[in-house]
$ cat upload34.pdb   # PDB, C-alpha atoms
ATOM      1  CA  MET A 322     -24.486 -21.797  37.738  1.00  0.00           C
ATOM      2  CA  LYS A 323     -20.889 -21.143  38.718  1.00  0.00           C
ATOM      3  CA  ALA A 324     -19.590 -22.697  35.505  1.00  0.00           C
ATOM      4  CA  LYS A 325     -22.024 -20.612  33.460  1.00  0.00           C
ATOM      5  CA  THR A 326     -20.969 -17.451  35.272  1.00  0.00           C
ATOM      6  CA  VAL A 327     -17.294 -18.194  34.640  1.00  0.00           C
ATOM      7  CA  LEU A 328     -18.038 -18.811  30.954  1.00  0.00           C
ATOM      8  CA  ILE A 329     -19.848 -15.494  30.649  1.00  0.00           C
ATOM      9  CA  LEU A 330     -16.995 -13.673  32.363  1.00  0.00           C
ATOM     10  CA  LEU A 331     -14.422 -15.309  30.085  1.00  0.00           C
ATOM     11  CA  SER A 332     -16.446 -14.318  27.040  1.00  0.00           C
ATOM     12  CA  ALA A 333     -16.582 -10.736  28.276  1.00  0.00           C
ATOM     13  CA  VAL A 334     -12.819 -10.686  28.828  1.00  0.00           C
ATOM     14  CA  ILE A 335     -12.201 -12.045  25.320  1.00  0.00           C
ATOM     15  CA  LEU A 336     -14.482  -9.425  23.785  1.00  0.00           C
ATOM     16  CA  CYS A 337     -12.761  -6.724  25.799  1.00  0.00           C
ATOM     17  CA  LEU A 338      -9.312  -7.857  24.740  1.00  0.00           C
ATOM     18  CA  THR A 339     -10.413  -8.049  21.123  1.00  0.00           C
ATOM     19  CA  GLY A 340     -11.838  -4.550  21.269  1.00  0.00           C
ATOM     20  CA  CYS A 341      -8.744  -3.205  22.987  1.00  0.00           C
ATOM     21  CA  THR A 342      -6.475  -4.806  20.391  1.00  0.00           C
ATOM     22  CA  GLU A 343      -8.453  -3.275  17.538  1.00  0.00           C
ATOM     23  CA  SER A 344      -8.488   0.159  19.174  1.00  0.00           C
ATOM     24  CA  GLN A 345      -4.699   0.112  19.442  1.00  0.00           C
ATOM     25  CA  LYS A 346      -4.375  -0.227  15.655  1.00  0.00           C
ATOM     26  CA  PRO A 347      -6.484   2.546  14.135  1.00  0.00           C
ATOM     27  CA  THR A 348      -6.754   3.241  10.436  1.00  0.00           C
ATOM     28  CA  THR A 349      -4.376   5.900   9.146  1.00  0.00           C
ATOM     29  CA  ILE A 350      -4.763   7.435   5.696  1.00  0.00           C
ATOM     30  CA  VAL A 351      -1.869   9.232   4.021  1.00  0.00           C
ATOM     31  CA  ASP A 352      -2.784  11.444   1.074  1.00  0.00           C
ATOM     32  CA  ASN A 353       0.275  12.955  -0.564  1.00  0.00           C
ATOM     33  CA  SER A 354      -1.706  14.457  -3.431  1.00  0.00           C
ATOM     34  CA  SER A 355      -2.840  17.286  -1.174  1.00  0.00           C
ATOM     35  CA  ALA A 356       0.249  17.151   1.050  1.00  0.00           C
ATOM     36  CA  VAL A 357      -2.042  16.490   4.017  1.00  0.00           C
ATOM     37  CA  THR A 358      -1.897  13.541   6.379  1.00  0.00           C
ATOM     38  CA  THR A 359      -4.995  12.538   8.319  1.00  0.00           C
ATOM     39  CA  SER A 360      -5.629   9.917  10.954  1.00  0.00           C
ATOM     40  CA  SER A 361      -8.601   8.644  12.863  1.00  0.00           C
ATOM     41  CA  SER A 362      -6.615   8.743  16.103  1.00  0.00           C
ATOM     42  CA  ALA A 363      -3.322  10.590  15.735  1.00  0.00           C
ATOM     43  CA  ASP A 364      -2.383  14.129  14.769  1.00  0.00           C
ATOM     44  CA  SER A 365      -0.498  14.825  11.543  1.00  0.00           C
ATOM     45  CA  GLU A 366       2.827  15.458  13.281  1.00  0.00           C
ATOM     46  CA  SER A 367       3.008  11.981  14.815  1.00  0.00           C
ATOM     47  CA  VAL A 368       1.853  10.387  11.560  1.00  0.00           C
ATOM     48  CA  ASN A 369       4.473  12.210   9.523  1.00  0.00           C
ATOM     49  CA  ASP A 370       7.116  10.988  11.946  1.00  0.00           C
ATOM     50  CA  LYS A 371       5.967   7.377  11.610  1.00  0.00           C
ATOM     51  CA  TYR A 372       5.268   6.942   7.898  1.00  0.00           C
ATOM     52  CA  TYR A 373       7.594   7.583   4.984  1.00  0.00           C
ATOM     53  CA  ASP A 374       6.829  10.794   3.110  1.00  0.00           C
ATOM     54  CA  SER A 375       7.669  10.521  -0.592  1.00  0.00           C
ATOM     55  CA  THR A 376       6.217  13.940  -1.426  1.00  0.00           C
ATOM     56  CA  PRO A 377       9.618  15.679  -1.830  1.00  0.00           C
ATOM     57  CA  ILE A 378      10.589  13.096  -4.474  1.00  0.00           C
ATOM     58  CA  SER A 379       7.357  13.284  -6.461  1.00  0.00           C
ATOM     59  CA  GLN A 380       7.373  17.081  -6.268  1.00  0.00           C
ATOM     60  CA  ALA A 381      10.964  17.177  -7.498  1.00  0.00           C
ATOM     61  CA  TYR A 382       9.877  15.114 -10.514  1.00  0.00           C
ATOM     62  CA  LEU A 383       6.841  17.287 -11.267  1.00  0.00           C
ATOM     63  CA  THR A 384       8.701  20.589 -10.852  1.00  0.00           C
ATOM     64  CA  GLY A 385      12.049  19.527 -12.273  1.00  0.00           C
ATOM     65  CA  ASP A 386      13.826  20.871  -9.182  1.00  0.00           C
ATOM     66  CA  THR A 387      15.825  18.243  -7.275  1.00  0.00           C
ATOM     67  CA  SER A 388      17.866  20.693  -5.204  1.00  0.00           C
ATOM     68  CA  SER A 389      16.064  19.885  -1.943  1.00  0.00           C
ATOM     69  CA  LEU A 390      16.577  16.103  -2.119  1.00  0.00           C
ATOM     70  CA  ASP A 391      19.062  14.407   0.169  1.00  0.00           C
ATOM     71  CA  GLU A 392      21.312  11.528  -0.935  1.00  0.00           C
ATOM     72  CA  LYS A 393      18.799   8.786  -0.167  1.00  0.00           C
ATOM     73  CA  GLN A 394      15.936  10.640  -1.819  1.00  0.00           C
ATOM     74  CA  THR A 395      18.104  11.284  -4.871  1.00  0.00           C
ATOM     75  CA  GLU A 396      18.794   7.566  -5.270  1.00  0.00           C
ATOM     76  CA  ILE A 397      15.077   6.819  -5.085  1.00  0.00           C
ATOM     77  CA  TYR A 398      14.348   9.676  -7.487  1.00  0.00           C
ATOM     78  CA  ASN A 399      16.868   8.491 -10.092  1.00  0.00           C
ATOM     79  CA  LYS A 400      15.591   4.915  -9.969  1.00  0.00           C
ATOM     80  CA  ALA A 401      11.956   5.993 -10.166  1.00  0.00           C
ATOM     81  CA  VAL A 402      12.581   8.355 -13.082  1.00  0.00           C
ATOM     82  CA  SER A 403      14.517   5.677 -14.952  1.00  0.00           C
ATOM     83  CA  THR A 404      11.672   3.230 -14.348  1.00  0.00           C
ATOM     84  CA  ILE A 405       9.028   5.648 -15.606  1.00  0.00           C
ATOM     85  CA  ASN A 406      11.081   6.344 -18.719  1.00  0.00           C
ATOM     86  CA  ASP A 407      11.295   2.596 -19.381  1.00  0.00           C
ATOM     87  CA  LEU A 408       7.674   1.737 -18.562  1.00  0.00           C
ATOM     88  CA  ILE A 409       5.491   4.648 -19.517  1.00  0.00           C
ATOM     89  CA  THR A 410       4.712   5.863 -23.033  1.00  0.00           C
ATOM     90  CA  PRO A 411       2.664   8.926 -24.081  1.00  0.00           C
ATOM     91  CA  ASP A 412      -0.152   6.818 -25.541  1.00  0.00           C
ATOM     92  CA  MET A 413      -0.876   4.957 -22.273  1.00  0.00           C
ATOM     93  CA  ASN A 414      -3.988   5.762 -20.244  1.00  0.00           C
ATOM     94  CA  ASP A 415      -3.992   5.904 -16.436  1.00  0.00           C
ATOM     95  CA  TYR A 416      -5.101   2.275 -16.088  1.00  0.00           C
ATOM     96  CA  GLU A 417      -2.243   1.079 -18.291  1.00  0.00           C
ATOM     97  CA  LYS A 418       0.244   3.211 -16.377  1.00  0.00           C
ATOM     98  CA  GLU A 419      -1.027   1.901 -13.057  1.00  0.00           C
ATOM     99  CA  LEU A 420      -0.872  -1.707 -14.243  1.00  0.00           C
ATOM    100  CA  ALA A 421       2.678  -1.252 -15.546  1.00  0.00           C
ATOM    101  CA  VAL A 422       3.788   0.191 -12.192  1.00  0.00           C
ATOM    102  CA  HIS A 423       2.056  -2.564 -10.206  1.00  0.00           C
ATOM    103  CA  ASP A 424       3.691  -5.305 -12.277  1.00  0.00           C
ATOM    104  CA  TYR A 425       7.086  -3.619 -12.098  1.00  0.00           C
ATOM    105  CA  ILE A 426       7.020  -3.357  -8.304  1.00  0.00           C
ATOM    106  CA  VAL A 427       5.983  -6.998  -7.960  1.00  0.00           C
ATOM    107  CA  GLY A 428       8.826  -7.996 -10.277  1.00  0.00           C
ATOM    108  CA  CYS A 429      11.577  -5.781  -8.844  1.00  0.00           C
ATOM    109  CA  ALA A 430      11.086  -6.587  -5.171  1.00  0.00           C
ATOM    110  CA  SER A 431      10.498  -9.587  -2.965  1.00  0.00           C
ATOM    111  CA  TYR A 432       9.093  -9.638   0.535  1.00  0.00           C
ATOM    112  CA  ASP A 433      11.729  -9.151   3.240  1.00  0.00           C
ATOM    113  CA  GLU A 434      11.052 -12.422   5.056  1.00  0.00           C
ATOM    114  CA  ALA A 435      13.547 -11.555   7.793  1.00  0.00           C
ATOM    115  CA  HIS A 436      10.804  -9.325   9.223  1.00  0.00           C
ATOM    116  CA  LEU A 437       8.772 -12.476   9.843  1.00  0.00           C
ATOM    117  CA  ASN A 438      11.310 -14.065  12.185  1.00  0.00           C
ATOM    118  CA  ALA A 439      10.998 -14.092  15.965  1.00  0.00           C
ATOM    119  CA  LEU A 440      12.928 -10.846  16.358  1.00  0.00           C
ATOM    120  CA  GLY A 441      11.165  -9.142  13.463  1.00  0.00           C
ATOM    121  CA  ILE A 442      14.435  -7.620  12.274  1.00  0.00           C
ATOM    122  CA  GLY A 443      14.966  -7.353   8.525  1.00  0.00           C
ATOM    123  CA  LEU A 444      16.886  -5.081   6.209  1.00  0.00           C
ATOM    124  CA  PRO A 445      16.744  -1.335   6.844  1.00  0.00           C
ATOM    125  CA  ASN A 446      14.429   0.662   4.540  1.00  0.00           C
ATOM    126  CA  SER A 447      12.169  -2.279   3.709  1.00  0.00           C
ATOM    127  CA  ASP A 448       9.281  -0.073   4.806  1.00  0.00           C
ATOM    128  CA  ASN A 449       9.909   2.586   2.132  1.00  0.00           C
ATOM    129  CA  PRO A 450      10.752   2.993  -1.588  1.00  0.00           C
ATOM    130  CA  TYR A 451      14.502   2.762  -0.995  1.00  0.00           C
ATOM    131  CA  GLY A 452      14.211  -0.830   0.164  1.00  0.00           C
ATOM    132  CA  CYS A 453      11.828  -1.700  -2.638  1.00  0.00           C
ATOM    133  CA  LEU A 454      13.596   0.021  -5.553  1.00  0.00           C
ATOM    134  CA  ILE A 455      17.249  -0.047  -4.491  1.00  0.00           C
ATOM    135  CA  ASN A 456      17.574  -3.104  -2.227  1.00  0.00           C
ATOM    136  CA  GLY A 457      14.854  -5.146  -3.907  1.00  0.00           C
ATOM    137  CA  LYS A 458      13.333  -6.012  -0.515  1.00  0.00           C
ATOM    138  CA  ALA A 459      10.139  -4.669   1.012  1.00  0.00           C
ATOM    139  CA  ILE A 460       7.441  -5.245   3.573  1.00  0.00           C
ATOM    140  CA  CYS A 461       3.842  -4.124   3.035  1.00  0.00           C
ATOM    141  CA  SER A 462       4.543  -0.443   3.719  1.00  0.00           C
ATOM    142  CA  GLY A 463       7.500  -0.584   1.339  1.00  0.00           C
ATOM    143  CA  TYR A 464       5.229  -1.811  -1.440  1.00  0.00           C
ATOM    144  CA  SER A 465       2.464   0.685  -0.687  1.00  0.00           C
ATOM    145  CA  THR A 466       4.741   3.738  -0.372  1.00  0.00           C
ATOM    146  CA  THR A 467       6.501   2.824  -3.617  1.00  0.00           C
ATOM    147  CA  PHE A 468       3.155   2.502  -5.402  1.00  0.00           C
ATOM    148  CA  GLN A 469       2.116   5.843  -3.867  1.00  0.00           C
ATOM    149  CA  LEU A 470       5.324   7.472  -5.097  1.00  0.00           C
ATOM    150  CA  PHE A 471       4.800   6.364  -8.683  1.00  0.00           C
ATOM    151  CA  MET A 472       1.129   7.371  -8.684  1.00  0.00           C
ATOM    152  CA  ASP A 473       2.070  10.823  -7.376  1.00  0.00           C
ATOM    153  CA  MET A 474       4.767  11.195 -10.026  1.00  0.00           C
ATOM    154  CA  LEU A 475       2.259  10.205 -12.714  1.00  0.00           C
ATOM    155  CA  GLU A 476      -0.388  12.503 -11.176  1.00  0.00           C
ATOM    156  CA  ILE A 477      -2.847   9.664 -10.584  1.00  0.00           C
ATOM    157  CA  PRO A 478      -4.862  10.292  -7.369  1.00  0.00           C
ATOM    158  CA  CYS A 479      -3.841   7.788  -4.696  1.00  0.00           C
ATOM    159  CA  LYS A 480      -3.935   7.328  -0.927  1.00  0.00           C
ATOM    160  CA  THR A 481      -2.057   4.930   1.350  1.00  0.00           C
ATOM    161  CA  ILE A 482      -3.959   3.045   4.051  1.00  0.00           C
ATOM    162  CA  TYR A 483      -2.285   1.789   7.238  1.00  0.00           C
ATOM    163  CA  ALA A 484      -4.466  -0.619   9.212  1.00  0.00           C
ATOM    164  CA  THR A 485      -4.492  -4.426   9.758  1.00  0.00           C
ATOM    165  CA  ASP A 486      -5.116  -7.667   7.948  1.00  0.00           C
ATOM    166  CA  PHE A 487      -7.804 -10.150   8.986  1.00  0.00           C
ATOM    167  CA  GLU A 488      -5.440 -11.719  11.543  1.00  0.00           C
ATOM    168  CA  GLY A 489      -4.864  -8.392  13.286  1.00  0.00           C
ATOM    169  CA  ASP A 490      -1.322  -7.839  11.989  1.00  0.00           C
ATOM    170  CA  ASP A 491      -0.246  -4.382  10.841  1.00  0.00           C
ATOM    171  CA  HIS A 492      -0.731  -4.006   7.099  1.00  0.00           C
ATOM    172  CA  SER A 493      -0.687  -1.321   4.422  1.00  0.00           C
ATOM    173  CA  TRP A 494      -2.219  -0.953   0.963  1.00  0.00           C
ATOM    174  CA  ASN A 495      -3.562   1.719  -1.408  1.00  0.00           C
ATOM    175  CA  ILE A 496      -6.692   3.200  -2.904  1.00  0.00           C
ATOM    176  CA  VAL A 497      -6.353   4.743  -6.374  1.00  0.00           C
ATOM    177  CA  GLN A 498      -8.589   6.749  -8.687  1.00  0.00           C
ATOM    178  CA  ILE A 499      -8.794   5.568 -12.290  1.00  0.00           C
ATOM    179  CA  GLY A 500     -11.285   6.961 -14.791  1.00  0.00           C
ATOM    180  CA  GLY A 501     -13.054   8.958 -12.102  1.00  0.00           C
ATOM    181  CA  SER A 502     -13.697   5.964  -9.822  1.00  0.00           C
ATOM    182  CA  TRP A 503     -11.770   4.610  -6.843  1.00  0.00           C
ATOM    183  CA  TYR A 504     -10.330   1.095  -6.449  1.00  0.00           C
ATOM    184  CA  TYR A 505      -8.313  -0.762  -3.809  1.00  0.00           C
ATOM    185  CA  VAL A 506      -4.842  -2.118  -4.592  1.00  0.00           C
ATOM    186  CA  ASP A 507      -2.591  -4.356  -2.475  1.00  0.00           C
ATOM    187  CA  VAL A 508       0.708  -4.744  -4.315  1.00  0.00           C
ATOM    188  CA  CYS A 509       2.279  -6.631  -1.416  1.00  0.00           C
ATOM    189  CA  TRP A 510      -0.311  -9.406  -1.475  1.00  0.00           C
ATOM    190  CA  ASP A 511       0.090  -9.720  -5.239  1.00  0.00           C
ATOM    191  CA  ASP A 512       3.742 -10.657  -4.569  1.00  0.00           C
ATOM    192  CA  PRO A 513       3.410 -13.953  -2.691  1.00  0.00           C
ATOM    193  CA  ILE A 514       6.027 -15.655  -0.538  1.00  0.00           C
ATOM    194  CA  PRO A 515       8.276 -17.321  -1.532  1.00  0.00           C
ATOM    195  CA  ASP A 516       9.368 -15.373  -4.572  1.00  0.00           C
ATOM    196  CA  PHE A 517      10.991 -17.042  -7.548  1.00  0.00           C
ATOM    197  CA  THR A 518      12.307 -16.050 -10.960  1.00  0.00           C
ATOM    198  CA  ASP A 519       9.943 -15.870 -13.940  1.00  0.00           C
ATOM    199  CA  ARG A 520       6.787 -16.580 -11.992  1.00  0.00           C
ATOM    200  CA  PRO A 521       3.704 -14.881 -13.468  1.00  0.00           C
ATOM    201  CA  VAL A 522       2.473 -11.701 -11.821  1.00  0.00           C
ATOM    202  CA  ARG A 523      -0.887 -12.135 -10.158  1.00  0.00           C
ATOM    203  CA  HIS A 524      -3.549  -9.434  -9.875  1.00  0.00           C
ATOM    204  CA  LYS A 525      -5.792 -10.778  -7.134  1.00  0.00           C
ATOM    205  CA  TYR A 526      -5.752  -7.428  -5.329  1.00  0.00           C
ATOM    206  CA  PHE A 527      -5.495  -5.048  -8.278  1.00  0.00           C
ATOM    207  CA  ASN A 528      -8.325  -2.498  -8.534  1.00  0.00           C
ATOM    208  CA  VAL A 529     -10.803  -4.400  -6.408  1.00  0.00           C
ATOM    209  CA  SER A 530     -13.873  -3.264  -4.490  1.00  0.00           C
ATOM    210  CA  LYS A 531     -14.184  -2.485  -0.797  1.00  0.00           C
ATOM    211  CA  GLU A 532     -16.332  -5.582  -0.346  1.00  0.00           C
ATOM    212  CA  TYR A 533     -13.599  -7.792  -1.780  1.00  0.00           C
ATOM    213  CA  MET A 534     -10.849  -6.173   0.295  1.00  0.00           C
ATOM    214  CA  LYS A 535     -12.937  -6.470   3.462  1.00  0.00           C
ATOM    215  CA  THR A 536     -12.713 -10.267   3.281  1.00  0.00           C
ATOM    216  CA  LYS A 537      -9.016 -10.140   4.280  1.00  0.00           C
ATOM    217  CA  HIS A 538      -8.379  -6.527   5.352  1.00  0.00           C
ATOM    218  CA  VAL A 539      -9.656  -4.576   8.351  1.00  0.00           C
ATOM    219  CA  TRP A 540      -9.903  -0.780   8.319  1.00  0.00           C
ATOM    220  CA  ASN A 541     -12.117   2.200   9.019  1.00  0.00           C
ATOM    221  CA  ASP A 542     -13.245   3.540   5.636  1.00  0.00           C
ATOM    222  CA  THR A 543     -15.195   6.576   6.843  1.00  0.00           C
ATOM    223  CA  GLU A 544     -12.473   8.929   5.567  1.00  0.00           C
ATOM    224  CA  LEU A 545     -12.177   7.193   2.193  1.00  0.00           C
ATOM    225  CA  PRO A 546     -14.057   7.691  -1.087  1.00  0.00           C
ATOM    226  CA  TYR A 547     -16.704   5.176  -2.095  1.00  0.00           C
ATOM    227  CA  THR A 548     -15.688   2.409  -4.506  1.00  0.00           C
ATOM    228  CA  ASP A 549     -18.688   1.745  -6.720  1.00  0.00           C
ATOM    229  CA  SER A 550     -17.226   0.803 -10.104  1.00  0.00           C
ATOM    230  CA  THR A 551     -15.766  -2.354 -11.668  1.00  0.00           C
ATOM    231  CA  LYS A 552     -14.913  -0.769 -15.022  1.00  0.00           C
ATOM    232  CA  PHE A 553     -11.178  -0.740 -14.306  1.00  0.00           C
ATOM    233  CA  SER A 554     -11.012  -3.835 -12.121  1.00  0.00           C
ATOM    234  CA  TYR A 555      -8.386  -6.182 -13.499  1.00  0.00           C
ATOM    235  CA  ILE A 556     -10.809  -9.066 -13.882  1.00  0.00           C
ATOM    236  CA  THR A 557     -13.042  -7.014 -16.221  1.00  0.00           C
ATOM    237  CA  ARG A 558     -10.128  -5.902 -18.427  1.00  0.00           C
ATOM    238  CA  ILE A 559      -8.551  -9.248 -19.292  1.00  0.00           C
TER
END

$ encode --input "upload34.pdb" --output "structure tokens"
Amino acid sequence: MKAKTVLILLSAVILCLTGCTESQKPTTIVDNSSAVTTSSSADSESVNDKYYDSTPISQAYLTGDTSSLDEKQTEIYNKAVSTINDLITPDMNDYEKELAVHDYIVGCASYDEAHLNALGIGLPNSDNPYGCLINGKAICSGYSTTFQLFMDMLEIPCKTIYATDFEGDDHSWNIVQIGGSWYYVDVCWDDPIPDFTDRPVRHKYFNVSKEYMKTKHVWNDTELPYTDSTKFSYITRI
């Protein structure tokens, strides 16, 4: 009986710890298209302090007024504008624009593996578009904020999700609206480690369903639109 009691208590402790761990990493959704940040646990002020806001850069592009950009934002702006001019043509639809941006980001950046070491210290700015576009190094939030920036500049509805992967590690990805329907995109996980020159771009996490993402990603989707279409999933377009 004593052994059984101890086993039950240990199980309860494990469940408690698991629940506590999950509660410490809530889902945060950043929606630049409406210039509003929402979170399931934190107010907008704390979220804006924590996550990179690319809205000034996308708004500068859409309005043609760059006067409010600082030096760092201007570098990101110039690189992003140059990239759009090289990638995007007037005859492209939103799916083709999105695919071009996804493939460009995967090709221009590699994962900043220094963040995976014991100290977790990598290059500065790997969590935002500067690291991705200028330094060529990014972590998940660097990939997702860069994708968000381009979608905002191209006026394609997009949100950035900050939550965890299936192992409980902090992770970030996007949800994007193409052809009136919403799809999940994880640019970071389409850029595997290690990186190497001329490797083909993969699209395992390009415009996939919630059910597919849920196999490796953990988040609260109550604040997110429903994903009910496969029309613009990559696998149906090839």

$ residues_around --input "upload34.pdb" --residues "A:Glu396" --least-positions-apart "4" --cutoff "12 Å" --atoms "only C-alpha atoms" --output "VMD selection string"
chain A and resid 378 387 390 to 392 400 to 403 450 to 456

$ write_last_selection --input "upload34.pdb" --atoms "C-alpha atoms" --output "PDB file, in the coordinates of the input"
ATOM      1  CA  ILE A 378      10.589  13.096  -4.474  1.00  0.00           C
ATOM      2  CA  THR A 387      15.825  18.243  -7.275  1.00  0.00           C
ATOM      3  CA  LEU A 390      16.577  16.103  -2.119  1.00  0.00           C
ATOM      4  CA  ASP A 391      19.062  14.407   0.169  1.00  0.00           C
ATOM      5  CA  GLU A 392      21.312  11.528  -0.935  1.00  0.00           C
ATOM      6  CA  LYS A 400      15.591   4.915  -9.969  1.00  0.00           C
ATOM      7  CA  ALA A 401      11.956   5.993 -10.166  1.00  0.00           C
ATOM      8  CA  VAL A 402      12.581   8.355 -13.082  1.00  0.00           C
ATOM      9  CA  SER A 403      14.517   5.677 -14.952  1.00  0.00           C
ATOM     10  CA  PRO A 450      10.752   2.993  -1.588  1.00  0.00           C
ATOM     11  CA  TYR A 451      14.502   2.762  -0.995  1.00  0.00           C
ATOM     12  CA  GLY A 452      14.211  -0.830   0.164  1.00  0.00           C
ATOM     13  CA  CYS A 453      11.828  -1.700  -2.638  1.00  0.00           C
ATOM     14  CA  LEU A 454      13.596   0.021  -5.553  1.00  0.00           C
ATOM     15  CA  ILE A 455      17.249  -0.047  -4.491  1.00  0.00           C
ATOM     16  CA  ASN A 456      17.574  -3.104  -2.227  1.00  0.00           C
TER      17      ASN A 456
END

$ residues_near_point --input "upload34.pdb" --point "(10.6, -5.8, 0.2)" --cutoff "7 Å" --atoms "only C-alpha atoms" --output "list in words"
Ala430, Ser431, Tyr432, Asp433, Ser447, Gly452, Cys453, Gly457, Lys458, Ala459, Ile460, Gly463 and Tyr464 of chain A

$ atom_distance --input "upload34.pdb" --atom1 "atom CA of A:Tyr526" --atom2 "atom CA of A:Gly500"
18.1 Å

$ residues_around --input "upload34.pdb" --residues "A:Val497" --least-positions-apart "6" --cutoff "8 Å" --atoms "all atoms listed in the file" --output "count of residues only"
9

$ residues_around --input "upload34.pdb" --residues "stretch 486-489 of chain A" --least-positions-apart "5" --cutoff "8 Å" --atoms "all atoms listed in the file" --output "VMD selection string"
chain A and resid 343 536 to 539

$ atom_distance --input "upload34.pdb" --atom1 "atom CA of A:Gln394" --atom2 "atom CA of A:Asp490"
28.8 Å

$ atom_distance --input "upload34.pdb" --atom1 "atom CA of A:Glu544" --atom2 "atom CA of A:Asp512"
27.4 Å

$ residues_near_point --input "upload34.pdb" --point "(3.0, -10.3, -1.8)" --cutoff "8 Å" --atoms "all atoms listed in the file" --output "PDB file with C-alpha atoms, in the coordinates of the input"
ATOM      1  CA  VAL A 427       5.983  -6.998  -7.960  1.00  0.00           C
ATOM      2  CA  SER A 431      10.498  -9.587  -2.965  1.00  0.00           C
ATOM      3  CA  TYR A 432       9.093  -9.638   0.535  1.00  0.00           C
ATOM      4  CA  CYS A 461       3.842  -4.124   3.035  1.00  0.00           C
ATOM      5  CA  VAL A 508       0.708  -4.744  -4.315  1.00  0.00           C
ATOM      6  CA  CYS A 509       2.279  -6.631  -1.416  1.00  0.00           C
ATOM      7  CA  TRP A 510      -0.311  -9.406  -1.475  1.00  0.00           C
ATOM      8  CA  ASP A 511       0.090  -9.720  -5.239  1.00  0.00           C
ATOM      9  CA  ASP A 512       3.742 -10.657  -4.569  1.00  0.00           C
ATOM     10  CA  PRO A 513       3.410 -13.953  -2.691  1.00  0.00           C
ATOM     11  CA  ILE A 514       6.027 -15.655  -0.538  1.00  0.00           C
TER      12      ILE A 514
END

$ resolve_selection --input "upload34.pdb" --expression "the PyMOL selection byres ((chain A and resi 466) around 8)" --output "PyMOL selection string"
chain A and resi 373+375+448-450+462-465+467-470+481

$ write_last_selection --input "upload34.pdb" --atoms "C-alpha atoms" --output "tab-separated table (two decimals), in the frame of the given file"
chain	number	residue	atom	x	y	z
A	373	TYR	CA	7.59	7.58	4.98
A	375	SER	CA	7.67	10.52	-0.59
A	448	ASP	CA	9.28	-0.07	4.81
A	449	ASN	CA	9.91	2.59	2.13
A	450	PRO	CA	10.75	2.99	-1.59
A	462	SER	CA	4.54	-0.44	3.72
A	463	GLY	CA	7.50	-0.58	1.34
A	464	TYR	CA	5.23	-1.81	-1.44
A	465	SER	CA	2.46	0.68	-0.69
A	467	THR	CA	6.50	2.82	-3.62
A	468	PHE	CA	3.16	2.50	-5.40
A	469	GLN	CA	2.12	5.84	-3.87
A	470	LEU	CA	5.32	7.47	-5.10
A	481	THR	CA	-2.06	4.93	1.35

$ residues_around --input "upload34.pdb" --residues "A:Thr551" --least-positions-apart "4" --cutoff "10 Å" --atoms "all atoms listed in the file" --output "list in words"
Ser502, Trp503, Tyr504, Asn528, Val529, Ser530, Tyr555, Ile556, Thr557 and Arg558 of chain A

$ resolve_selection --input "upload34.pdb" --expression "the PyMOL selection byres ((chain A and resi 406) around 12)" --output "JSON, numbers by chain"
{"A": [399, 400, 401, 402, 403, 404, 405, 407, 408, 409, 410, 411, 418, 421, 422, 471, 474, 475]}

$ closest_residue --input "upload34.pdb" --among "A:Asp415, A:Ser493, A:Arg523, A:Ser388" --to "A:Tyr372" --atoms "all atoms listed in the file"
A:Ser493

$ resolve_selection --input "upload34.pdb" --expression "the PyMOL selection byres ((chain A and resi 383) around 9)" --output "list in words"
Ile378, Ser379, Gln380, Ala381, Tyr382, Thr384, Gly385, Asp386, Asp473, Met474, Leu475 and Glu476 of chain A
